[in-house]
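Peer 1: Following this line is upload_10.pdb, made up of PDB, C-alpha atoms:
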ATOM      1  CA  MET A  16      23.669 -39.358  11.765
ATOM      2  CA  THR A  17      24.995 -40.759  15.019
ATOM      3  CA  HIS A  18      27.536 -39.482  17.454
ATOM      4  CA  GLY A  19      29.913 -42.368  16.742
ATOM      5  CA  GLU A  20      30.376 -41.201  13.167
ATOM      6  CA  HIS A  21      32.070 -37.953  14.215
ATOM      7  CA  SER A  22      35.566 -37.787  15.667
ATOM      8  CA  TRP A  23      34.975 -34.119  16.470
ATOM      9  CA  MET A  24      32.725 -35.204  19.317
ATOM     10  CA  ALA A  25      35.644 -36.620  21.342
ATOM     11  CA  ASP A  26      35.936 -35.369  24.908
ATOM     12  CA  ILE A  27      37.580 -32.011  25.598
ATOM     13  CA  VAL A  28      41.185 -32.393  26.769
ATOM     14  CA  LEU A  29      41.986 -29.308  28.817
ATOM     15  CA  GLU A  30      45.737 -29.795  28.490
ATOM     16  CA  GLU A  31      45.337 -29.244  24.747
ATOM     17  CA  ARG A  32      43.250 -26.065  25.155
ATOM     18  CA  PRO A  33      45.226 -23.189  26.693
ATOM     19  CA  ASP A  34      42.268 -20.838  26.105
ATOM     20  CA  LEU A  35      40.086 -22.969  28.359
ATOM     21  CA  LEU A  36      42.796 -23.309  30.984
ATOM     22  CA  GLN A  37      43.126 -19.521  31.081
ATOM     23  CA  ARG A  38      39.382 -19.163  31.545
ATOM     24  CA  ILE A  39      39.433 -21.619  34.455
ATOM     25  CA  GLU A  40      42.397 -19.872  36.052
ATOM     26  CA  ARG A  41      40.615 -16.510  35.879
ATOM     27  CA  TYR A  42      37.675 -18.105  37.657
ATOM     28  CA  ARG A  43      39.927 -19.506  40.393
ATOM     29  CA  LYS A  44      41.397 -16.075  41.040
ATOM     30  CA  ARG A  45      38.051 -14.312  41.060
ATOM     31  CA  TYR A  46      36.299 -16.883  43.293
ATOM     32  CA  PRO A  47      39.044 -18.485  45.401
ATOM     33  CA  GLY A  48      36.643 -20.073  47.872
ATOM     34  CA  ARG A  49      34.444 -21.849  45.350
ATOM     35  CA  ASN A  50      34.610 -25.439  44.152
ATOM     36  CA  VAL A  51      35.955 -25.212  40.650
ATOM     37  CA  GLU A  52      34.878 -28.664  39.418
ATOM     38  CA  ALA A  53      31.380 -27.580  38.391
ATOM     39  CA  TYR A  54      32.829 -24.607  36.520
ATOM     40  CA  ILE A  55      35.323 -26.851  34.707
ATOM     41  CA  GLU A  56      32.430 -28.998  33.497
ATOM     42  CA  LYS A  57      30.601 -25.866  32.299
ATOM     43  CA  VAL A  58      33.720 -24.752  30.406
ATOM     44  CA  LYS A  59      33.922 -28.157  28.748
ATOM     45  CA  GLN A  60      30.242 -28.074  27.845
ATOM     46  CA  ASP A  61      30.628 -24.614  26.299
ATOM     47  CA  ALA A  62      33.572 -25.925  24.271
ATOM     48  CA  ARG A  63      31.540 -28.928  23.098
ATOM     49  CA  LEU A  64      28.773 -26.570  22.025
ATOM     50  CA  GLU A  65      31.211 -24.451  20.015
ATOM     51  CA  GLN A  66      32.600 -27.600  18.399
ATOM     52  CA  ALA A  67      29.098 -28.714  17.479
ATOM     53  CA  LYS A  68      28.182 -25.310  16.043
ATOM     54  CA  LYS A  69      31.323 -25.293  13.912
ATOM     55  CA  HIS A  70      30.702 -28.823  12.683
ATOM     56  CA  LEU A  71      27.033 -28.208  11.837
ATOM     57  CA  LYS A  72      27.911 -25.023   9.959
ATOM     58  CA  ALA A  73      30.428 -26.938   7.840
ATOM     59  CA  GLN A  74      27.887 -29.670   7.114
ATOM     60  CA  ALA A  75      25.124 -27.190   6.272
ATOM     61  CA  LYS A  76      27.411 -25.172   3.989
ATOM     62  CA  GLU A  77      27.942 -28.265   1.839
ATOM     63  CA  HIS A  78      24.188 -28.523   1.248
ATOM     64  CA  ALA A  79      23.561 -24.850   0.468
ATOM     65  CA  PRO A  80      23.360 -24.090  -3.278
ATOM     66  CA  ALA A  81      25.274 -20.985  -4.305
ATOM     67  CA  SER A  82      22.076 -19.655  -5.884
ATOM     68  CA  ARG A  83      20.406 -19.359  -2.452
ATOM     69  CA  ALA A  84      22.886 -17.212  -0.576
ATOM     70  CA  SER A  85      20.210 -15.557   1.571
ATOM     71  CA  CYS A  86      18.910 -18.963   2.612
ATOM     72  CA  TRP A  87      22.386 -20.017   3.714
ATOM     73  CA  ALA A  88      22.846 -16.735   5.574
ATOM     74  CA  TYR A  89      19.673 -17.434   7.555
ATOM     75  CA  ALA A  90      20.830 -20.981   8.313
ATOM     76  CA  GLU A  91      24.259 -19.779   9.427
ATOM     77  CA  SER A  92      22.719 -17.188  11.734
ATOM     78  CA  SER A  93      20.364 -19.792  13.204
ATOM     79  CA  LEU A  94      23.199 -22.233  13.842
ATOM     80  CA  GLN A  95      25.251 -19.573  15.568
ATOM     81  CA  GLN A  96      22.519 -19.102  18.175
ATOM     82  CA  GLY A  97      23.190 -22.623  19.444
ATOM     83  CA  ARG A  98      19.724 -24.242  19.560
ATOM     84  CA  TYR A  99      20.549 -26.761  16.846
ATOM     85  CA  ALA A 100      23.899 -27.655  18.407
ATOM     86  CA  GLU A 101      22.321 -28.103  21.840
ATOM     87  CA  GLU A 102      19.753 -30.526  20.436
ATOM     88  CA  TYR A 103      22.394 -32.322  18.383
ATOM     89  CA  LEU A 104      24.541 -32.903  21.449
ATOM     90  CA  LYS A 105      21.501 -34.432  23.174
ATOM     91  CA  GLY A 106      21.176 -36.892  20.295
ATOM     92  CA  ASN A 107      18.230 -35.098  18.657
ATOM     93  CA  THR A 108      19.306 -34.643  15.034
ATOM     94  CA  TYR A 109      15.803 -33.880  13.709
ATOM     95  CA  PRO A 110      16.061 -30.050  13.738
ATOM     96  CA  PHE A 111      19.346 -30.119  11.827
ATOM     97  CA  GLU A 112      18.009 -32.681   9.354
ATOM     98  CA  ARG A 113      15.047 -30.371   8.656
ATOM     99  CA  MET A 114      17.488 -27.521   8.022
ATOM    100  CA  LEU A 115      19.534 -29.612   5.582
ATOM    101  CA  HIS A 116      16.401 -30.652   3.718
ATOM    102  CA  TYR A 117      15.320 -27.031   3.376
ATOM    103  CA  LEU A 118      18.751 -25.995   2.106
ATOM    104  CA  LYS A 119      18.493 -28.670  -0.588
ATOM    105  CA  THR A 120      14.897 -28.096  -1.674
ATOM    106  CA  GLY A 121      14.022 -24.503  -0.821
ATOM    107  CA  SER A 122      10.629 -23.414   0.491
ATOM    108  CA  GLN A 123       7.502 -25.460  -0.054
ATOM    109  CA  LEU A 124       4.246 -23.527  -0.153
ATOM    110  CA  ALA A 125       0.906 -25.349  -0.464
ATOM    111  CA  LEU A 126      -2.346 -23.350  -0.367
ATOM    112  CA  TYR A 127      -5.874 -24.803  -0.373
ATOM    113  CA  HIS A 128      -9.123 -22.934  -0.973
ATOM    114  CA  SER A 129     -11.203 -25.339   1.063
ATOM    115  CA  ASP A 130     -12.698 -26.318   4.384
ATOM    116  CA  PHE A 131      -9.836 -27.866   6.372
ATOM    117  CA  ARG A 132     -12.112 -30.744   7.373
ATOM    118  CA  VAL A 133     -12.163 -32.092   3.816
ATOM    119  CA  VAL A 134      -8.517 -31.491   2.858
ATOM    120  CA  ASN A 135      -6.825 -34.876   2.616
ATOM    121  CA  LEU A 136      -3.359 -34.271   4.027
ATOM    122  CA  PRO A 137      -1.123 -37.251   4.836
ATOM    123  CA  GLU A 138      -1.160 -38.534   8.386
ATOM    124  CA  ASN A 139       1.816 -37.684  10.620
ATOM    125  CA  SER A 140       3.112 -35.125   8.105
ATOM    126  CA  VAL A 141       3.024 -31.757   9.923
ATOM    127  CA  ASP A 142       5.369 -30.480  12.636
ATOM    128  CA  TRP A 143       3.173 -27.654  13.960
ATOM    129  CA  ILE A 144      -0.329 -26.350  13.496
ATOM    130  CA  ILE A 145      -0.303 -22.627  14.321
ATOM    131  CA  THR A 146      -3.678 -21.021  13.849
ATOM    132  CA  ASP A 147      -6.192 -18.408  14.940
ATOM    133  CA  PRO A 148      -9.740 -19.830  14.638
ATOM    134  CA  PRO A 149     -12.783 -17.524  14.770
ATOM    135  CA  TYR A 150     -13.876 -16.631  18.314
ATOM    136  CA  PRO A 151     -17.682 -16.078  18.178
ATOM    137  CA  GLN A 152     -19.825 -18.664  19.924
ATOM    138  CA  LYS A 153     -21.366 -20.007  16.723
ATOM    139  CA  PHE A 154     -17.925 -21.271  15.622
ATOM    140  CA  LEU A 155     -17.209 -23.289  18.786
ATOM    141  CA  PRO A 156     -17.838 -26.696  17.111
ATOM    142  CA  LEU A 157     -14.822 -26.009  14.868
ATOM    143  CA  TYR A 158     -12.526 -26.489  17.859
ATOM    144  CA  ARG A 159     -13.499 -30.159  18.158
ATOM    145  CA  ASP A 160     -12.908 -30.633  14.425
ATOM    146  CA  LEU A 161      -9.568 -28.831  14.686
ATOM    147  CA  ALA A 162      -8.421 -31.114  17.493
ATOM    148  CA  LEU A 163      -9.410 -34.240  15.554
ATOM    149  CA  PHE A 164      -7.691 -32.901  12.445
ATOM    150  CA  ALA A 165      -4.527 -32.148  14.431
ATOM    151  CA  GLN A 166      -4.485 -35.615  15.955
ATOM    152  CA  ARG A 167      -4.435 -37.077  12.448
ATOM    153  CA  VAL A 168      -1.963 -34.859  10.570
ATOM    154  CA  LEU A 169       0.573 -33.961  13.273
ATOM    155  CA  ARG A 170       3.663 -36.098  13.471
ATOM    156  CA  PRO A 171       4.336 -37.784  16.845
ATOM    157  CA  GLY A 172       5.652 -35.094  19.163
ATOM    158  CA  GLY A 173       4.171 -32.351  16.991
ATOM    159  CA  GLY A 174       2.130 -29.529  18.424
ATOM    160  CA  LEU A 175      -1.067 -27.552  17.936
ATOM    161  CA  LEU A 176      -1.013 -23.878  18.952
ATOM    162  CA  ALA A 177      -4.473 -22.349  18.768
ATOM    163  CA  MET A 178      -5.160 -18.718  19.623
ATOM    164  CA  VAL A 179      -8.481 -18.381  21.396
ATOM    165  CA  GLY A 180     -10.687 -15.736  22.897
ATOM    166  CA  GLN A 181     -11.231 -15.834  26.660
ATOM    167  CA  SER A 182     -15.047 -15.770  26.573
ATOM    168  CA  TYR A 183     -15.582 -19.501  25.992
ATOM    169  CA  LEU A 184     -12.435 -21.091  27.375
ATOM    170  CA  PRO A 185     -14.221 -23.777  29.460
ATOM    171  CA  GLU A 186     -16.196 -24.927  26.414
ATOM    172  CA  ILE A 187     -13.105 -24.881  24.177
ATOM    173  CA  PHE A 188     -11.071 -27.018  26.566
ATOM    174  CA  GLN A 189     -13.874 -29.551  26.671
ATOM    175  CA  LEU A 190     -14.289 -29.592  22.897
ATOM    176  CA  MET A 191     -10.551 -30.050  22.263
ATOM    177  CA  SER A 192     -10.179 -32.963  24.667
ATOM    178  CA  VAL A 193      -9.800 -35.764  22.112
ATOM    179  CA  GLU A 194      -7.970 -39.052  22.379
ATOM    180  CA  GLY A 195      -4.378 -38.848  21.173
ATOM    181  CA  LEU A 196      -4.042 -35.092  21.733
ATOM    182  CA  LYS A 197      -2.700 -33.900  25.077
ATOM    183  CA  TYR A 198      -3.052 -30.428  26.586
ATOM    184  CA  ASN A 199       0.435 -29.158  27.425
ATOM    185  CA  TRP A 200       0.273 -25.447  28.347
ATOM    186  CA  THR A 201      -1.291 -22.040  27.765
ATOM    187  CA  LEU A 202       0.941 -19.357  26.263
ATOM    188  CA  CYS A 203       0.321 -15.634  26.663
ATOM    189  CA  TYR A 204       0.215 -13.632  23.412
ATOM    190  CA  LEU A 205       0.710  -9.931  24.171
ATOM    191  CA  THR A 206      -0.587  -7.201  21.864
ATOM    192  CA  PRO A 207       0.912  -4.056  23.413
ATOM    193  CA  GLY A 208      -0.011  -0.494  22.493
ATOM    194  CA  GLY A 209      -3.233   1.360  21.867
ATOM    195  CA  GLN A 210      -4.889  -1.508  19.995
ATOM    196  CA  SER A 211      -6.788  -2.957  22.959
ATOM    197  CA  PRO A 212     -10.127  -4.546  21.967
ATOM    198  CA  GLN A 213     -13.005  -3.478  24.184
ATOM    199  CA  LEU A 214     -15.264  -6.359  25.153
ATOM    200  CA  TRP A 215     -18.383  -4.487  26.243
ATOM    201  CA  GLN A 216     -20.315  -7.551  27.354
ATOM    202  CA  ARG A 217     -17.460  -8.516  29.736
ATOM    203  CA  LYS A 218     -16.373  -4.948  30.586
ATOM    204  CA  VAL A 219     -12.740  -5.703  29.700
ATOM    205  CA  ASN A 220     -10.020  -3.987  27.694
ATOM    206  CA  THR A 221      -7.745  -6.838  26.717
ATOM    207  CA  PHE A 222      -4.077  -6.618  25.783
ATOM    208  CA  TRP A 223      -3.422 -10.346  25.450
ATOM    209  CA  LYS A 224      -4.972 -13.605  24.373
ATOM    210  CA  PRO A 225      -4.342 -17.250  25.271
ATOM    211  CA  ILE A 226      -2.626 -19.679  22.933
ATOM    212  CA  LEU A 227      -3.600 -23.244  23.827
ATOM    213  CA  TRP A 228      -0.793 -25.737  23.266
ATOM    214  CA  PHE A 229      -1.664 -29.362  22.619
ATOM    215  CA  THR A 230       0.774 -32.112  21.660
ATOM    216  CA  LYS A 231       0.433 -35.392  19.842
ATOM    217  CA  GLY A 232       2.177 -37.635  22.318
ATOM    218  CA  GLU A 233       4.807 -36.330  24.702
ATOM    219  CA  ASN A 234       6.292 -32.872  24.234
ATOM    220  CA  LYS A 235      10.108 -32.734  24.228
ATOM    221  CA  ARG A 236      10.667 -29.029  23.549
ATOM    222  CA  TRP A 237      11.383 -26.279  26.028
ATOM    223  CA  ILE A 238       9.902 -22.916  25.108
ATOM    224  CA  GLY A 239       9.122 -19.600  26.762
ATOM    225  CA  ASP A 240       5.422 -19.037  27.309
ATOM    226  CA  VAL A 241       5.127 -15.303  26.527
ATOM    227  CA  VAL A 242       4.813 -14.175  22.910
ATOM    228  CA  LYS A 243       4.224 -10.648  21.678
ATOM    229  CA  SER A 244       3.701  -8.566  18.592
ATOM    230  CA  ASP A 245       5.446  -5.253  18.057
ATOM    231  CA  VAL A 246       3.794  -2.253  19.709
ATOM    232  CA  ASN A 247       0.657  -1.138  17.837
ATOM    233  CA  ASP A 248       1.309  -3.736  15.135
ATOM    234  CA  ASN A 249      -2.396  -4.425  14.709
ATOM    235  CA  ASP A 250      -2.223  -5.442  11.044
ATOM    236  CA  LYS A 251      -5.677  -5.732   9.447
ATOM    237  CA  THR A 252      -4.473  -5.028   5.909
ATOM    238  CA  TYR A 253      -5.196  -8.515   4.611
ATOM    239  CA  HIS A 254      -8.008  -9.647   6.930
ATOM    240  CA  PHE A 255     -10.201  -7.927   9.510
ATOM    241  CA  TRP A 256      -9.262 -10.627  12.058
ATOM    242  CA  GLY A 257      -5.631 -10.731  10.944
ATOM    243  CA  GLN A 258      -2.641 -11.121  13.247
ATOM    244  CA  SER A 259       0.661  -9.287  12.837
ATOM    245  CA  VAL A 260       3.640 -10.890  11.146
ATOM    246  CA  SER A 261       5.784  -9.697  14.057
ATOM    247  CA  GLY A 262       3.637 -11.616  16.535
ATOM    248  CA  MET A 263       3.505 -14.767  14.444
ATOM    249  CA  THR A 264       7.253 -14.536  13.910
ATOM    250  CA  ASP A 265       7.898 -14.412  17.650
ATOM    251  CA  LEU A 266       5.711 -17.469  18.175
ATOM    252  CA  LEU A 267       7.183 -19.349  15.219
ATOM    253  CA  GLN A 268      10.779 -18.782  16.261
ATOM    254  CA  LYS A 269      10.092 -19.851  19.843
ATOM    255  CA  VAL A 270       8.614 -23.223  18.971
ATOM    256  CA  SER A 271       9.963 -24.383  15.612
ATOM    257  CA  TYR A 272      13.085 -24.925  13.550
ATOM    258  CA  MET A 273      14.125 -24.004  10.020
ATOM    259  CA  GLY A 274      12.690 -26.440   7.496
ATOM    260  CA  GLU A 275       9.840 -27.699   9.637
ATOM    261  CA  THR A 276       6.338 -27.835   8.154
ATOM    262  CA  ILE A 277       3.789 -25.425   9.615
ATOM    263  CA  LEU A 278       0.056 -25.668   8.887
ATOM    264  CA  ASP A 279      -2.608 -23.007   9.353
ATOM    265  CA  PRO A 280      -6.122 -24.363   8.672
ATOM    266  CA  PHE A 281      -7.641 -20.891   9.241
ATOM    267  CA  MET A 282      -5.140 -19.046   7.064
ATOM    268  CA  GLY A 283      -7.071 -15.781   6.731
ATOM    269  CA  GLY A 284      -4.820 -13.067   5.306
ATOM    270  CA  GLY A 285      -1.719 -15.235   5.552
ATOM    271  CA  ALA A 286       0.265 -13.714   8.451
ATOM    272  CA  THR A 287       1.412 -17.144   9.637
ATOM    273  CA  GLY A 288       2.450 -18.039   6.107
ATOM    274  CA  ALA A 289       4.376 -14.796   5.675
ATOM    275  CA  ALA A 290       6.274 -15.449   8.917
ATOM    276  CA  CYS A 291       7.034 -18.993   7.731
ATOM    277  CA  LEU A 292       8.421 -17.856   4.393
ATOM    278  CA  LEU A 293      10.505 -15.091   5.955
ATOM    279  CA  HIS A 294      11.942 -17.502   8.503
ATOM    280  CA  ARG A 295      12.473 -20.468   6.216
ATOM    281  CA  ARG A 296       9.729 -22.870   7.235
ATOM    282  CA  HIS A 297       7.550 -24.851   4.855
ATOM    283  CA  PHE A 298       3.934 -23.686   4.937
ATOM    284  CA  ILE A 299       0.530 -25.229   4.280
ATOM    285  CA  GLY A 300      -2.386 -22.818   4.360
ATOM    286  CA  ILE A 301      -6.110 -23.581   4.168
ATOM    287  CA  GLU A 302      -8.810 -20.925   3.840
ATOM    288  CA  ILE A 303     -12.532 -21.427   3.164
ATOM    289  CA  GLU A 304     -13.493 -17.883   2.095
ATOM    290  CA  LYS A 305     -12.833 -17.343  -1.620
ATOM    291  CA  ASP A 306     -11.892 -13.652  -1.575
ATOM    292  CA  VAL A 307      -9.797 -14.017   1.573
ATOM    293  CA  PHE A 308      -7.982 -16.978   0.043
ATOM    294  CA  ALA A 309      -7.242 -15.048  -3.154
ATOM    295  CA  THR A 310      -5.737 -12.175  -1.144
ATOM    296  CA  ALA A 311      -3.547 -14.490   0.917
ATOM    297  CA  GLN A 312      -2.495 -16.486  -2.139
ATOM    298  CA  GLU A 313      -1.338 -13.362  -3.956
ATOM    299  CA  ARG A 314       0.475 -12.113  -0.862
ATOM    300  CA  LEU A 315       2.337 -15.351  -0.184
ATOM    301  CA  THR A 316       3.250 -16.264  -3.759
ATOM    302  CA  GLU A 317       4.695 -12.804  -4.297
ATOM    303  CA  LEU A 318       6.675 -13.069  -1.082
ATOM    304  CA  GLN A 319       7.977 -16.497  -2.029
ATOM    305  CA  ARG A 320       9.151 -15.195  -5.389
ATOM    306  CA  ALA A 321      10.857 -12.225  -3.717
ATOM    307  CA  LEU A 322      12.760 -14.534  -1.390
TER     308      LEU A 322
END
Show how you would write the structure in this file as structure tokens.

Peer 2:
Amino acid sequence: MTHGEHSWMADIVLEERPDLLQRIERYRKRYPGRNVEAYIEKVKQDARLEQAKKHLKAQAKEHAPASRASCWAYAESSLQQGRYAEEYLKGNTYPFERMLHYLKTGSQLALYHSDFRVVNLPENSVDWIITDPPYPQKFLPLYRDLALFAQRVLRPGGGLLAMVGQSYLPEIFQLMSVEGLKYNWTLCYLTPGGQSPQLWQRKVNTFWKPILWFTKGENKRWIGDVVKSDVNDNDKTYHFWGQSVSGMTDLLQKVSYMGETILDPFMGGGATGAACLLHRRHFIGIEIEKDVFATAQERLTELQRAL
């Protein structure tokens, strides 16, 4: 899809839009001393955004099977928020294309009972890796393997978001410094409420953890860097190291779009997968522990059927 294919993307003619003229006139009266030209451009940009939202909704509706009404409802709500239209107007059609593909095919769920280091996934096939590796010191070598794995399977521009404990951050940064994977930022994941872990050896009660963000190539997405779970949503039902679906949902919605493919190579109880299914992302989960995998598999397949 290119901009030239759509007549709806013609410039806004104010003389043909009395609603916009009225808005500008109200601004003139309220702020008589201000230069109105910048505001006129903002009004035009808002109108372009509304045009784009309307157009994308019409296009998406054509691809939504009647049998998946809830899926279309989620897509419509997402389009109304404006993120897809904003990217489309910039010439980035990828998020909308991912949405259309999801509307056509439905959710794709792939689960592997395996060590992620031996799972043969296609190169450049994953939009995001969102994961929570184990924190104890004996597992530190996994961070190097995770970075190498991410460099291979992420698509160009894709991202790795790895939750980490604070105890070994210097070592983790060093281990994850691999060619082709670039450190971008550290997000703050808040876990508010009375669920604070007590780290006796460091004499700390902690209410947050870092999420290290690496990209394959240059990052082109703007996101907020604070993520949080609901208060006291310390869900250990499916795994004793499990994260809450509310927290993973907040992270997922900040960074990704409907129809993108999310991978968790330390799937655990499946909180990331549950958030993906609920919010219409494709999910690949890998878990090495047999009993943990079986629990997550049952959880996610049942949820997929329910949706």

Peer 1: Between atom CA of A:Lys197 and atom CA of A:Gly174, what is the distance in Å, rounded to a tenth?

Peer 2: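 About the pair atom CA of A:Lys197 and atom CA of A:Gly174: they are 9.3 Å apart.
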
Peer 1: Counting only C-alpha atoms, which residues of stretch 83-191 of chain A fall within 12 Å of stretch 216-221 of chain A, and what is the closest atom pair for each with its distance in Å at one decimal, ordered by chain and rising number, as a tab-separated table?

Peer 2:
residue	atom	partner	partner_atom	distance
A:Gly180	CA	A:Thr221	CA	10.1
A:Gln181	CA	A:Thr221	CA	9.6
A:Ser182	CA	A:Arg217	CA	8.3
A:Tyr183	CA	A:Arg217	CA	11.8

Peer 1: Please measure the separation of atom CA of A:Val168 and atom CA of A:Pro185, giving the value in Å to one decimal.

Peer 2: 25.1 Å

Peer 1: Quick check, in Å to one decimal: how far apart do atom CA of A:Tyr198 and atom CA of A:Leu227 lie?

Peer 2: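 Spanning atom CA of A:Tyr198 to atom CA of A:Leu227 is a straight-line distance of 7.7 Å.
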
Peer 1: Give me, as a list of chain:residue names, all polymer residues having an atom no more than 12 Å from A:Asp240, counting only C-alpha atoms and skipping those fewer than 3 positions away in the same chain.

Peer 2: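 The residues that qualify are A:Leu176, A:Asn199, A:Trp200, A:Thr201, A:Leu202, A:Cys203, A:Tyr204, A:Leu205, A:Pro225, A:Ile226, A:Leu227, A:Trp228, A:Arg236, A:Trp237, A:Lys243, A:Asp265, A:Leu266, A:Lys269, A:Val270.
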
Peer 1: Find, counting only C-alpha atoms, the residue in A:Asp130, A:Glu102, A:Asp245, A:Glu52 that gets nearest to A:Leu161.

Peer 2: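 Once distances to A:Leu161 are computed over only C-alpha atoms, the minimum belongs to A:Asp130.
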
Peer 1: What's around stretch 308-314 of chain A at 7 Å? Count only C-alpha atoms, leave out sequence neighbours fewer than 4 positions away in its own chain, and write the answer as a ChimeraX atom specification.

Peer 2: /A:128,253,283-285,302,304,318

Peer 1: For A:Leu267, find every residue with an atom within 10 Å (counting only C-alpha atoms), except residues of its own chain fewer than 2 positions away, and show them as a ChimeraX atom specification.

Peer 2: /A:143,145,242,261-265,269-273,277,287,290-291,294,296

Peer 1: Could you turn the residues from that selection into a file that holds C-alpha atoms, as a PDB file, keeping the file's coordinate frame?

Peer 2:
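part_35.pdb written:
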ATOM      1  CA  TRP A 143       3.173 -27.654  13.960  1.00  0.00           C
ATOM      2  CA  ILE A 145      -0.303 -22.627  14.321  1.00  0.00           C
ATOM      3  CA  VAL A 242       4.813 -14.175  22.910  1.00  0.00           C
ATOM      4  CA  SER A 261       5.784  -9.697  14.057  1.00  0.00           C
ATOM      5  CA  GLY A 262       3.637 -11.616  16.535  1.00  0.00           C
ATOM      6  CA  MET A 263       3.505 -14.767  14.444  1.00  0.00           C
ATOM      7  CA  THR A 264       7.253 -14.536  13.910  1.00  0.00           C
ATOM      8  CA  ASP A 265       7.898 -14.412  17.650  1.00  0.00           C
ATOM      9  CA  LYS A 269      10.092 -19.851  19.843  1.00  0.00           C
ATOM     10  CA  VAL A 270       8.614 -23.223  18.971  1.00  0.00           C
ATOM     11  CA  SER A 271       9.963 -24.383  15.612  1.00  0.00           C
ATOM     12  CA  TYR A 272      13.085 -24.925  13.550  1.00  0.00           C
ATOM     13  CA  MET A 273      14.125 -24.004  10.020  1.00  0.00           C
ATOM     14  CA  ILE A 277       3.789 -25.425   9.615  1.00  0.00           C
ATOM     15  CA  THR A 287       1.412 -17.144   9.637  1.00  0.00           C
ATOM     16  CA  ALA A 290       6.274 -15.449   8.917  1.00  0.00           C
ATOM     17  CA  CYS A 291       7.034 -18.993   7.731  1.00  0.00           C
ATOM     18  CA  HIS A 294      11.942 -17.502   8.503  1.00  0.00           C
ATOM     19  CA  ARG A 296       9.729 -22.870   7.235  1.00  0.00           C
TER      20      ARG A 296
END

Peer 1: With all atoms listed in the file as the basis for distance, which of A:Val179, A:Cys86, A:Ala73, A:Leu118 is at the shortest distance from A:Tyr150?

Peer 2: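 Once distances to A:Tyr150 are computed over all atoms listed in the file, the minimum belongs to A:Val179.
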
Peer 1: Which residue is closest to A:Thr316? Choose from A:Ile303, A:Leu184, A:Leu175, A:Leu124 and count all atoms listed in the file.

Peer 2: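 For A:Thr316, the nearest of the candidates is A:Leu124.
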
Peer 1: Hey, what comes out of the PyMOL selection byres ((chain A and resi 141) around 8) on this file? Could you write it as a list in words?

Peer 2: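 With the shown file as input, the PyMOL selection byres ((chain A and resi 141) around 8) matches Asn139, Ser140, Asp142, Trp143, Ile144, Val168, Leu169, Arg170, Gly173, Glu275, Thr276, Ile277 and Leu278 of chain A.
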
Peer 1: Just say which residues the PyMOL selection byres ((chain A and resi 35) around 12) picks in this file, as a compact mmCIF listing (two decimals) with C-alpha atoms, keeping the file's coordinate frame.

Peer 2:
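Written output follows (result_7.txt):
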# COMPACT_ATOMS: atom_id res chain seq x y z
CA ILE A 27 37.58 -32.01 25.60
CA VAL A 28 41.18 -32.39 26.77
CA LEU A 29 41.99 -29.31 28.82
CA GLU A 30 45.74 -29.80 28.49
CA GLU A 31 45.34 -29.24 24.75
CA ARG A 32 43.25 -26.06 25.16
CA PRO A 33 45.23 -23.19 26.69
CA ASP A 34 42.27 -20.84 26.10
CA LEU A 36 42.80 -23.31 30.98
CA GLN A 37 43.13 -19.52 31.08
CA ARG A 38 39.38 -19.16 31.54
CA ILE A 39 39.43 -21.62 34.46
CA GLU A 40 42.40 -19.87 36.05
CA ARG A 41 40.62 -16.51 35.88
CA TYR A 42 37.67 -18.10 37.66
CA TYR A 54 32.83 -24.61 36.52
CA ILE A 55 35.32 -26.85 34.71
CA GLU A 56 32.43 -29.00 33.50
CA LYS A 57 30.60 -25.87 32.30
CA VAL A 58 33.72 -24.75 30.41
CA LYS A 59 33.92 -28.16 28.75
CA GLN A 60 30.24 -28.07 27.84
CA ASP A 61 30.63 -24.61 26.30
CA ALA A 62 33.57 -25.92 24.27
CA ARG A 63 31.54 -28.93 23.10

Peer 1: Is there a way to get, as a list in words, all residues within 7 Å of the point (-6.2, -23.9, 7.3) in file coordinates, counting all atoms listed in the file?

Peer 2: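 Neighbouring residues, ordered by chain and number, come to Phe131, Leu278, Asp279, Pro280, Phe281, Met282, Gly300, Ile301 and Glu302 of chain A.
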
Peer 1: Point out the residue among A:Glu194, A:Phe111, A:Met178, A:Glu91 with the least atom-to-atom distance to A:Pro149, counting only C-alpha atoms.

Peer 2: A:Met178

Peer 1: Compare A:Gln74, A:Leu196, A:Gly274, A:Leu214 by their minimum atom-to-atom distance to A:Pro110, counting all atoms listed in the file, and give me the closest one.

Peer 2: A:Gly274

Peer 1: Centre and edge lengths, as AutoDock Vina command-line options, for the axis-aligned box enclosing every listed atom of stretch 236-248 of chain A with 5 Å of padding on each of the six sides, in Å to one decimal?

Peer 2:
--center_x 6.0 --center_y -15.1 --center_z 21.2 --size_x 20.7 --size_y 37.9 --size_z 22.2

Peer 1: May I have the residues at most 12 Å from (19.2, -27.6, 7.6) in the file's coordinates, counting only C-alpha atoms, as JSON, numbers by chain?

Peer 2: {"A": [71, 72, 73, 74, 75, 76, 77, 78, 79, 86, 87, 88, 89, 90, 91, 92, 93, 94, 99, 100, 108, 109, 110, 111, 112, 113, 114, 115, 116, 117, 118, 119, 120, 121, 122, 272, 273, 274, 275, 295, 296]}

Peer 1: Go through A:Phe222, A:Tyr158, A:Phe164, A:Trp215 one by one, measure the shortest atom-to-atom distance of each to A:Phe188 using all atoms listed in the file, and give the residue with the smallest value.

Peer 2: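 Once distances to A:Phe188 are computed over all atoms listed in the file, the minimum belongs to A:Tyr158.
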
Peer 1: Apply the PyMOL selection byres ((chain A and resi 67) around 8) to the file shown and report the selected residues as number ranges by chain.

Peer 2: A: 24, 63-66, 68-71, 100, 103-104
